[in-house]
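*Asks:* One file is attached below, coords_26.cif, containing mmCIF, C-alpha atoms.
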data_coords
loop_
_atom_site.label_atom_id
_atom_site.label_comp_id
_atom_site.auth_asym_id
_atom_site.auth_seq_id
_atom_site.Cartn_x
_atom_site.Cartn_y
_atom_site.Cartn_z
CA MET C 29 -8.20 35.97 49.08
CA THR C 30 -6.44 35.99 52.42
CA ALA C 31 -6.89 38.32 55.36
CA THR C 32 -5.89 41.97 55.26
CA LEU C 33 -2.20 42.45 55.94
CA SER C 34 -1.15 43.60 59.36
CA ARG C 35 1.61 46.19 59.79
CA GLU C 36 3.96 44.03 61.87
CA PHE C 37 6.37 41.49 60.38
CA TYR C 38 9.46 40.49 62.30
CA SER C 39 10.58 37.37 60.46
CA GLY C 40 10.22 35.92 56.99
CA VAL C 41 7.22 33.60 56.85
CA ALA C 42 6.01 32.04 53.60
CA GLY C 43 3.07 33.91 52.10
CA GLU C 44 3.80 37.10 54.06
CA PRO C 45 5.59 40.26 52.88
CA HIS C 46 9.35 40.50 52.88
CA PRO C 47 9.92 42.14 56.32
CA GLY C 48 12.46 44.77 55.33
CA ASN C 49 10.52 45.87 52.28
CA TYR C 50 7.28 45.98 54.24
CA GLN C 51 8.80 48.38 56.74
CA VAL C 52 10.26 50.58 54.01
CA CYS C 53 7.01 50.62 52.05
CA GLY C 54 5.00 51.71 55.09
CA HIS C 55 7.24 54.74 55.53
CA LEU C 56 7.16 55.52 51.82
CA GLU C 57 3.38 55.41 51.87
CA ASN C 58 3.33 57.96 54.70
CA LEU C 59 5.60 60.27 52.69
CA TRP C 60 3.53 59.77 49.54
CA TRP C 61 0.31 60.63 51.36
CA ALA C 62 1.98 63.64 52.98
CA LYS C 63 2.87 65.10 49.59
CA SER C 64 -0.77 64.82 48.53
CA ALA C 65 -2.02 66.18 51.87
CA GLN C 66 0.23 69.23 51.55
CA GLU C 67 -1.11 69.93 48.06
CA ILE C 68 -4.72 69.72 49.29
CA LEU C 69 -4.01 72.05 52.22
CA GLU C 70 -2.30 74.57 49.94
CA GLU C 71 -5.20 74.54 47.46
CA GLY C 72 -7.80 74.52 50.23
CA LEU C 73 -10.51 71.93 50.86
CA PRO C 74 -13.58 72.41 48.65
CA ASP C 75 -16.72 73.62 50.41
CA ASP C 76 -18.57 70.36 49.73
CA ALA C 77 -15.83 68.08 51.16
CA VAL C 78 -17.14 65.58 53.70
CA GLY C 79 -14.38 62.94 53.93
CA LEU C 80 -10.98 61.66 52.84
CA ALA C 81 -9.99 58.33 51.29
CA PHE C 82 -6.30 57.38 51.55
CA LEU C 83 -5.46 55.02 48.69
CA PRO C 84 -2.87 52.25 49.18
CA MET C 85 0.51 52.63 47.51
CA TRP C 86 1.36 48.94 47.18
CA ASP C 87 0.07 45.54 46.20
CA TRP C 88 1.90 42.47 47.54
CA ASP C 89 2.52 39.34 45.51
CA TYR C 90 5.19 36.76 44.67
CA SER C 91 7.99 38.19 42.57
CA LEU C 92 8.10 37.15 38.91
CA VAL C 93 11.74 38.26 38.64
CA GLU C 94 14.72 36.59 40.28
CA VAL C 95 15.39 38.03 43.74
CA GLY C 96 17.73 35.36 45.04
CA ARG C 97 17.72 34.04 48.57
CA LYS C 98 15.93 37.06 50.02
CA GLY C 99 12.76 35.85 48.31
CA ARG C 100 12.72 32.67 50.39
CA ALA C 101 11.11 32.41 53.78
CA GLY C 102 13.15 31.04 56.66
CA THR C 103 10.74 28.13 57.06
CA GLY C 104 10.52 27.41 53.33
CA GLY C 105 8.28 28.85 50.66
CA GLN C 106 8.27 32.30 49.10
CA LEU C 107 7.85 35.81 50.48
CA LEU C 108 5.68 38.53 48.96
CA PHE C 109 7.20 41.63 47.35
CA PRO C 110 5.77 45.12 46.79
CA VAL C 111 4.24 46.13 43.47
CA ARG C 112 3.76 49.89 43.14
CA ARG C 113 0.34 51.37 42.41
CA ASP C 114 0.08 54.57 40.37
CA TYR C 115 -3.34 56.29 40.28
CA ASP C 116 -4.95 58.68 37.83
CA THR C 117 -5.68 60.99 40.75
CA ASN C 118 -4.09 62.15 44.00
CA PRO C 119 -3.55 59.29 46.49
CA ILE C 120 -5.81 61.11 48.96
CA VAL C 121 -9.26 61.49 47.43
CA VAL C 122 -11.43 64.30 48.77
CA VAL C 123 -14.89 62.76 49.15
CA THR C 124 -18.14 64.66 48.61
CA GLN C 125 -21.65 63.50 49.46
CA ASP C 126 -22.58 63.13 45.79
CA MET C 127 -19.98 60.35 45.36
CA LEU C 128 -22.18 57.28 44.99
CA ALA C 129 -19.82 55.17 42.87
CA HIS C 130 -16.71 57.25 42.19
CA LYS C 131 -14.11 55.23 40.25
CA VAL C 132 -10.37 55.74 40.46
CA SER C 133 -8.15 53.91 37.96
CA HIS C 134 -4.66 52.67 38.70
CA ASN C 135 -1.72 50.80 37.20
CA ALA C 136 0.28 48.33 39.27
CA VAL C 137 3.78 47.67 37.92
CA GLY C 138 6.81 46.03 39.48
CA MET C 139 8.62 42.78 40.28
CA GLY C 140 7.60 41.39 36.88
CA HIS C 141 3.90 42.25 37.34
CA GLU C 142 1.83 44.66 35.29
CA ALA C 143 -1.90 45.13 35.80
CA THR C 144 -4.62 47.76 35.75
CA GLY C 145 -7.61 48.14 38.01
CA GLU C 146 -10.29 50.43 39.39
CA GLN C 147 -11.04 51.46 42.93
CA ILE C 148 -14.59 52.45 43.91
CA ILE C 149 -15.11 55.18 46.50
CA LYS C 150 -18.59 55.88 47.89
CA PHE C 151 -20.07 58.38 50.34
CA ALA C 152 -21.84 56.36 53.01
CA PRO C 153 -23.39 58.18 56.00
CA GLY C 154 -22.55 56.52 59.28
CA GLN C 155 -19.03 55.50 58.21
CA SER C 156 -15.83 57.12 59.38
CA SER C 157 -14.98 60.36 57.60
CA ILE C 158 -11.38 59.19 57.14
CA ALA C 159 -10.67 55.87 55.39
CA TYR C 160 -7.23 54.22 55.48
CA PRO C 161 -7.68 51.05 53.38
CA ARG C 162 -4.86 48.53 53.27
CA PRO C 163 -3.96 46.23 50.38
CA GLN C 164 -4.49 42.51 50.65
CA ASN C 165 -2.63 39.43 49.52
CA GLY C 166 -4.14 38.68 46.17
CA GLU C 167 -3.97 39.39 42.49
CA VAL C 168 -1.98 42.50 41.62
CA GLY C 169 -4.26 45.33 40.53
CA GLU C 170 -7.29 43.85 42.24
CA THR C 171 -9.99 46.23 43.49
CA LEU C 172 -9.98 46.28 47.28
CA GLY C 173 -13.74 46.37 47.62
CA THR C 174 -15.70 49.60 47.89
CA ILE C 175 -14.14 52.27 50.11
CA ARG C 176 -16.99 53.81 52.11
CA VAL C 177 -16.47 57.23 53.64
CA GLY C 178 -18.81 59.11 55.98
CA ARG C 179 -19.28 62.76 56.89
CA GLY C 180 -16.77 64.90 58.80
CA THR C 181 -16.36 68.58 59.52
CA ALA C 182 -13.95 70.82 57.64
CA LEU C 183 -11.89 71.11 60.83
CA GLU C 184 -11.65 67.31 61.19
CA LEU C 185 -10.52 66.87 57.59
CA ALA C 186 -7.96 69.67 57.79
CA SER C 187 -6.59 68.23 61.05
CA ALA C 188 -6.23 64.78 59.45
CA LEU C 189 -4.32 66.27 56.53
CA GLN C 190 -2.05 68.29 58.80
CA GLU C 191 -1.37 65.22 60.94
CA THR C 192 -0.40 63.32 57.79
CA VAL C 193 2.13 66.02 56.91
CA SER C 194 3.52 66.14 60.45
CA LYS C 195 3.92 62.37 60.61
CA ALA C 196 5.94 62.39 57.40
CA GLU C 197 8.30 65.00 58.80
CA THR C 198 9.38 62.48 61.43
CA ASP C 199 9.61 59.83 58.70
CA HIS C 200 12.48 61.68 57.01
CA LEU C 201 14.70 59.33 58.99
CA TRP C 202 12.45 56.46 57.88
CA LEU C 203 13.72 52.95 58.33
CA GLY C 204 16.33 54.45 60.64
CA ILE C 205 18.08 55.94 57.61
CA LEU C 206 20.90 57.19 59.83
CA PRO C 207 22.28 53.72 60.62
CA ILE C 208 21.62 52.58 57.04
CA LEU C 209 23.66 55.45 55.64
CA ALA C 210 26.33 54.96 58.26
CA ARG C 211 26.72 51.27 57.39
CA ALA C 212 26.72 51.97 53.66
CA THR C 213 29.28 54.75 54.02
CA LYS C 214 31.58 52.69 56.22
CA LYS C 215 31.47 49.83 53.72
CA ILE C 216 32.50 52.22 50.96
CA VAL C 217 35.26 53.68 53.15
CA ILE C 218 36.61 50.19 53.77
CA ARG C 219 36.47 49.43 50.05
CA ASN C 220 38.17 52.71 49.18
CA GLN C 221 40.94 52.30 51.70
CA HIS C 222 41.38 48.70 50.66
CA VAL C 223 41.71 49.62 47.00
CA PHE C 224 43.98 52.58 47.61
CA THR C 225 46.15 50.79 50.13
CA LEU C 226 46.78 47.98 47.67
CA GLU C 227 47.56 50.53 44.94
CA ALA C 228 49.78 52.56 47.24
CA ASN C 229 51.61 49.44 48.32
CA ALA C 230 52.19 48.45 44.68
CA LEU C 231 53.45 51.94 43.84
CA GLY C 232 55.63 52.24 46.91
CA ALA C 233 53.67 55.22 48.21
CA LYS C 234 52.85 55.96 51.83
CA ASN C 235 49.44 54.53 52.69
CA THR C 236 47.70 57.16 54.78
CA MET C 237 44.24 56.93 53.22
CA ILE C 238 41.71 56.24 55.94
CA LEU C 239 38.94 58.30 57.50
CA ASP C 240 38.82 58.58 61.26
CA PRO C 241 35.45 58.18 63.07
CA ILE C 242 34.87 61.94 63.30
CA ALA C 243 35.46 62.44 59.58
CA MET C 244 33.20 59.50 58.80
CA ASP C 245 30.41 60.95 60.95
CA ILE C 246 30.72 64.22 59.03
CA VAL C 247 30.33 62.35 55.73
CA VAL C 248 27.21 60.58 57.02
CA ASP C 249 25.68 63.78 58.46
CA ASN C 250 26.27 65.58 55.17
CA MET C 251 24.50 62.79 53.31
CA ILE C 252 21.49 62.91 55.62
CA TYR C 253 21.13 66.62 56.29
CA GLY C 254 23.17 68.18 53.49
CA GLU C 255 26.54 69.84 53.72
CA GLU C 256 26.62 72.41 56.50
CA GLY C 257 26.90 75.41 54.18
CA ASN C 258 23.88 74.23 52.15
CA ARG C 259 21.48 73.53 55.02
CA GLY C 260 18.48 75.80 54.96
CA THR C 261 19.21 76.93 51.40
CA GLY C 262 16.78 74.56 49.72
CA LYS C 263 19.54 72.41 48.27
CA LYS C 264 18.54 68.81 48.91
CA SER C 265 20.62 66.30 50.82
CA VAL C 266 21.32 62.78 49.58
CA SER C 267 18.59 61.38 51.86
CA GLN C 268 16.02 63.85 50.53
CA LYS C 269 16.97 63.01 46.93
CA LEU C 270 16.58 59.33 47.78
CA ILE C 271 13.11 59.89 49.24
CA ASP C 272 12.00 61.95 46.22
CA SER C 273 13.35 59.27 43.90
CA LEU C 274 11.50 56.47 45.69
CA ILE C 275 8.19 58.32 45.40
CA ASP C 276 8.58 58.08 41.61
CA PRO C 277 6.80 54.88 40.48
CA ALA C 278 9.32 54.36 37.68
CA LYS C 279 12.17 53.70 40.13
CA THR C 280 10.87 50.40 41.48
CA THR C 281 9.54 48.73 38.36
CA LYS C 282 12.55 46.42 38.06
CA VAL C 283 13.84 46.19 41.64
CA ASP C 284 12.25 46.19 45.08
CA PRO C 285 12.61 49.34 47.24
CA LYS C 286 15.25 47.81 49.53
CA ARG C 287 17.40 46.92 46.54
CA TYR C 288 16.97 50.37 45.05
CA ILE C 289 18.01 51.99 48.34
CA ALA C 290 21.15 49.83 48.49
CA GLN C 291 22.13 50.76 44.93
CA PHE C 292 21.45 54.45 45.47
CA LEU C 293 23.42 54.64 48.72
CA GLN C 294 26.29 52.63 47.24
CA ARG C 295 26.67 55.15 44.44
CA GLU C 296 26.20 58.27 46.58
CA SER C 297 28.36 57.01 49.45
CA TYR C 298 31.22 56.32 47.07
CA ARG C 299 31.04 59.89 45.76
CA ALA C 300 30.80 61.34 49.27
CA VAL C 301 33.86 59.44 50.46
CA GLN C 302 35.80 60.44 47.36
CA ARG C 303 35.06 64.09 48.11
CA ALA C 304 36.08 63.68 51.76
CA LEU C 305 39.41 62.20 50.67
CA GLY C 306 40.05 64.83 48.01
CA ASP C 307 39.91 62.16 45.32
CA PRO C 308 39.04 63.47 41.83
CA ASP C 309 36.35 61.70 39.81
CA GLN C 310 38.98 59.98 37.67
CA GLY C 311 41.04 59.03 40.73
CA PRO C 312 40.32 55.28 40.79
CA LYS C 313 40.96 54.97 37.04
CA ILE C 314 44.18 56.98 37.25
CA ARG C 315 45.51 54.83 40.10
CA ALA C 316 44.53 51.63 38.31
CA PHE C 317 46.26 52.87 35.14
CA ALA C 318 49.41 53.80 37.05
CA ARG C 319 49.50 50.41 38.73
CA GLU C 320 48.94 48.48 35.50
CA GLN C 321 51.63 50.49 33.69
CA ALA C 322 54.00 50.40 36.71
CA LEU C 323 54.33 54.20 36.61
CA THR C 324 55.17 56.44 39.56
CA ASP C 325 56.14 59.80 38.03
CA TYR C 326 53.07 62.05 38.05
CA GLY C 327 54.03 63.86 34.85
CA VAL C 328 54.52 60.59 32.98
CA ILE C 329 51.24 59.22 34.34
CA ALA C 330 49.38 62.35 33.21
CA GLN C 331 50.85 62.21 29.70
CA THR C 332 50.39 58.48 29.09
CA TYR C 333 46.92 58.37 30.67
CA SER C 334 45.79 61.31 28.50
CA GLU C 335 47.21 59.68 25.36
CA SER C 336 45.71 56.30 26.19
CA THR C 337 42.20 57.41 27.15
CA GLY C 338 41.78 60.62 25.20
CA LYS C 339 40.79 62.33 28.47
CA ILE C 340 43.25 65.07 29.30
CA VAL C 341 44.50 65.10 32.90
CA THR C 342 47.15 67.30 34.45
CA SER C 343 50.06 66.40 36.71
CA ASP C 344 48.28 68.20 39.55
CA LEU C 345 45.15 66.07 39.08
CA VAL C 346 47.30 62.95 39.08
CA ARG C 347 48.98 64.12 42.29
CA LYS C 348 45.57 64.52 43.95
CA ALA C 349 44.60 61.03 42.81
CA MET C 350 47.85 59.49 44.04
CA GLU C 351 48.03 61.43 47.29
CA LEU C 352 44.53 61.35 48.76
CA SER C 353 44.07 63.63 51.76
CA PRO C 354 43.60 61.59 54.93
CA SER C 355 41.51 63.02 57.76
CA VAL C 356 43.26 64.83 60.60
CA HIS C 357 43.18 61.99 63.09
CA SER C 358 43.60 59.13 60.64
CA ASN C 359 46.00 56.28 61.28
CA ASN C 360 48.19 54.49 58.80
CA CYS C 361 46.57 51.27 57.70
CA SER C 362 48.81 48.35 56.85
CA ILE C 363 48.15 46.14 53.85
CA GLU C 364 47.90 43.09 56.14
CA ALA C 365 45.00 44.65 58.03
CA LEU C 366 42.95 44.98 54.87
CA GLY C 367 43.45 41.59 53.29
CA GLU C 368 44.83 40.65 49.92
CA THR C 369 42.01 41.23 47.46
CA ILE C 370 40.24 44.30 46.14
#
Could you render the structure from this file as structure tokens?

*Replies:*
Amino acid sequence: MTATLSREFYSGVAGEPHPGNYQVCGHLENLWWAKSAQEILEEGLPDDAVGLAFLPMWDWDYSLVEVGRKGRAGTGGQLLFPVRRDYDTNPIVVVTQDMLAHKVSHNAVGMGHEATGEQIIKFAPGQSSIAYPRPQNGEVGETLGTIRVGRGTALELASALQETVSKAETDHLWLGILPILARATKKIVIRNQHVFTLEANALGAKNTMILDPIAMDIVVDNMIYGEEGNRGTGKKSVSQKLIDSLIDPAKTTKVDPKRYIAQFLQRESYRAVQRALGDPDQGPKIRAFAREQALTDYGVIAQTYSESTGKIVTSDLVRKAMELSPSVHSNNCSIEALGETI
């Protein structure tokens, strides 16, 4: 057993957590605890509550599935990856003074690992009333010793829970989600304009498909905060859906959180850019079909595409696919500026 993990990792060192995942997992843990804290506050602390035990969300171990180069430390050796813990109780346990050997069971699944374990929580006068245990490098599912919790007042416990909720509110931009979304969206924009410019060039159409910086910022803001007309209505933004999804233990059983985030944002960014450009869902397939069949007449494309795929499309839908709406301040983008491959 090695020493308890610290919370600071700036470079990949063998035997230590993957830095990017460690940062993400710390923020996710805060959000996970906040959800539990909010539930406890809404239900009300029981009269006999004396303390709180915050259970860890992650174990850290070497991946048993292929993760490629990101699993290797810069100095040689392997990095540790997160394995999600799922408990049979809330991740914040309300401690009472009659807890002498309270057991909490958990499953730990992810990165090729699968294990079960028990965590012991005990009331111990003289200890802190709030316990924030951290996982250690070791066997997945291992009990992290006995968590000892002392006596606190109802006001102290309620304040700790409220602070947990407040901290998570600032974590909604966890991992600096704004620049992550911006980078992901811009990559999709480049891919979209690359694909469409090549298709437009092949079809002899005018290539005006490119988002200007203002339009791109609007796409990113809508992904983070929700579309302007939906804000404050309870309809969740892409970033909120991503956070909710990552709290679900089933989402990271096969991939690490960083990988899951990349896949999620890739898919959602593509859709967001399509909407910004006025591109219908079938747009990429329609353009590819038109290019492969060397067709330019929208009516002919609609008829042959419908006959070939069995999915009925109209001439108007084809027109929207072939004439994407560029943003107001967009500039024409030449094929040479985008390269030669899709």

*Asks:* Work out how far CA of Val301 in chain C is from CA of Ile275 in chain C, in Å to one decimal.

*Replies:*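 Interatomic distance here is 26.2 Å.
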
*Asks:* Between CA of Thr198 in chain C and CA of Thr280 in chain C, what is the spacing in Å?

*Replies:*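 Taking CA of Thr280 in chain C as the start and CA of Thr198 in chain C as the end point, the length is 23.4 Å.
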
*Asks:* Step by step, work through what the PyMOL selection byres ((chain C and resi 185) around 8) selects in the shown file, and finish by giving those residues as a PyMOL selection string.

*Replies:* chain C and resi 78-80+157-158+180-184+186-189

*Asks:* Produce a file of the selected residues containing C-alpha atoms, as a PDB file, keeping the file's coordinate frame.

*Replies:*
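After the write, result_24.pdb holds the following:
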ATOM      1  CA  VAL C  78     -17.140  65.580  53.700  1.00  0.00           C
ATOM      2  CA  GLY C  79     -14.380  62.940  53.930  1.00  0.00           C
ATOM      3  CA  LEU C  80     -10.980  61.660  52.840  1.00  0.00           C
ATOM      4  CA  SER C 157     -14.980  60.360  57.600  1.00  0.00           C
ATOM      5  CA  ILE C 158     -11.380  59.190  57.140  1.00  0.00           C
ATOM      6  CA  GLY C 180     -16.770  64.900  58.800  1.00  0.00           C
ATOM      7  CA  THR C 181     -16.360  68.580  59.520  1.00  0.00           C
ATOM      8  CA  ALA C 182     -13.950  70.820  57.640  1.00  0.00           C
ATOM      9  CA  LEU C 183     -11.890  71.110  60.830  1.00  0.00           C
ATOM     10  CA  GLU C 184     -11.650  67.310  61.190  1.00  0.00           C
ATOM     11  CA  ALA C 186      -7.960  69.670  57.790  1.00  0.00           C
ATOM     12  CA  SER C 187      -6.590  68.230  61.050  1.00  0.00           C
ATOM     13  CA  ALA C 188      -6.230  64.780  59.450  1.00  0.00           C
ATOM     14  CA  LEU C 189      -4.320  66.270  56.530  1.00  0.00           C
TER      15      LEU C 189
END

*Asks:* CA of Ser156 in chain C and CA of Val122 in chain C are how many Å apart?

*Replies:*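 Calculated distance between CA of Ser156 in chain C and CA of Val122 in chain C is 13.5 Å.
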
*Asks:* Pull out every residue that the PyMOL selection byres ((chain C and resi 103-117) around 7) matches in the shown coordinates and put them as a ChimeraX atom specification.

*Replies:* /C:40-46,85-91,99-102,118-119,132-139,277,284

*Asks:* Applied to the shown file, which residues does the PyMOL selection byres ((chain C and resi 154) around 10) return, written as number ranges by chain?

*Replies:* C: 151-153, 155-157, 176-179

*Asks:* Between C:Phe292, C:Gln268, C:Arg299, C:Val123, which residue has the minimum interatomic distance to Glu197 in chain C, considering only C-alpha atoms?

*Replies:*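 Counting only C-alpha atoms, the residue closest to Glu197 in chain C is C:Gln268.
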
*Asks:* Show which residues sit within 6 Å of range 59-65 of chain C, as a PDB file with C-alpha atoms, keeping the file's coordinate frame. Count only C-alpha atoms, and ignore same-chain residues fewer than 4 positions away.

*Replies:*
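The resulting out.pdb:
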ATOM      1  CA  LEU C 189      -4.320  66.270  56.530  1.00  0.00           C
ATOM      2  CA  THR C 192      -0.400  63.320  57.790  1.00  0.00           C
ATOM      3  CA  VAL C 193       2.130  66.020  56.910  1.00  0.00           C
ATOM      4  CA  ALA C 196       5.940  62.390  57.400  1.00  0.00           C
TER       5      ALA C 196
END

*Asks:* Using all atoms listed in the file, which protein or nucleic acid residues come within 6 Å of range 307-319 of chain C? Drop anything in the same chain fewer than 4 positions from it, and give the result as a PyMOL selection string.

*Replies:* chain C and resi 302-303+323+349+352

*Asks:* Taking only C-alpha atoms into account, name the residue in C:Pro84, C:Ala278, C:Gln321, C:Gly140 that is nearest to Ser336 in chain C.

*Replies:*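 Checking each of C:Pro84, C:Ala278, C:Gln321, C:Gly140 against Ser336 in chain C, counting only C-alpha atoms, the winner is C:Gln321.
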
*Asks:* Neighbours of Leu270 in chain C within 10 Å (only C-alpha atoms; same-chain residues fewer than 6 positions away dropped), as a PyMOL selection string?

*Replies:* chain C and resi 252+264+288-289+292-293+296

*Asks:* Kindly save the residues from that selection, with C-alpha atoms included, as a compact mmCIF listing (two decimals), keeping the file's coordinate frame.

*Replies:*
# COMPACT_ATOMS: atom_id res chain seq x y z
CA ILE C 252 21.49 62.91 55.62
CA LYS C 264 18.54 68.81 48.91
CA TYR C 288 16.97 50.37 45.05
CA ILE C 289 18.01 51.99 48.34
CA PHE C 292 21.45 54.45 45.47
CA LEU C 293 23.42 54.64 48.72
CA GLU C 296 26.20 58.27 46.58

*Asks:* Compile the contact shell of Ile148 in chain C as a ChimeraX atom specification: residues with an atom at most 10 Å away, counting only C-alpha atoms, same-chain residues fewer than 5 positions apart removed.

*Replies:* /C:127-133,171-176
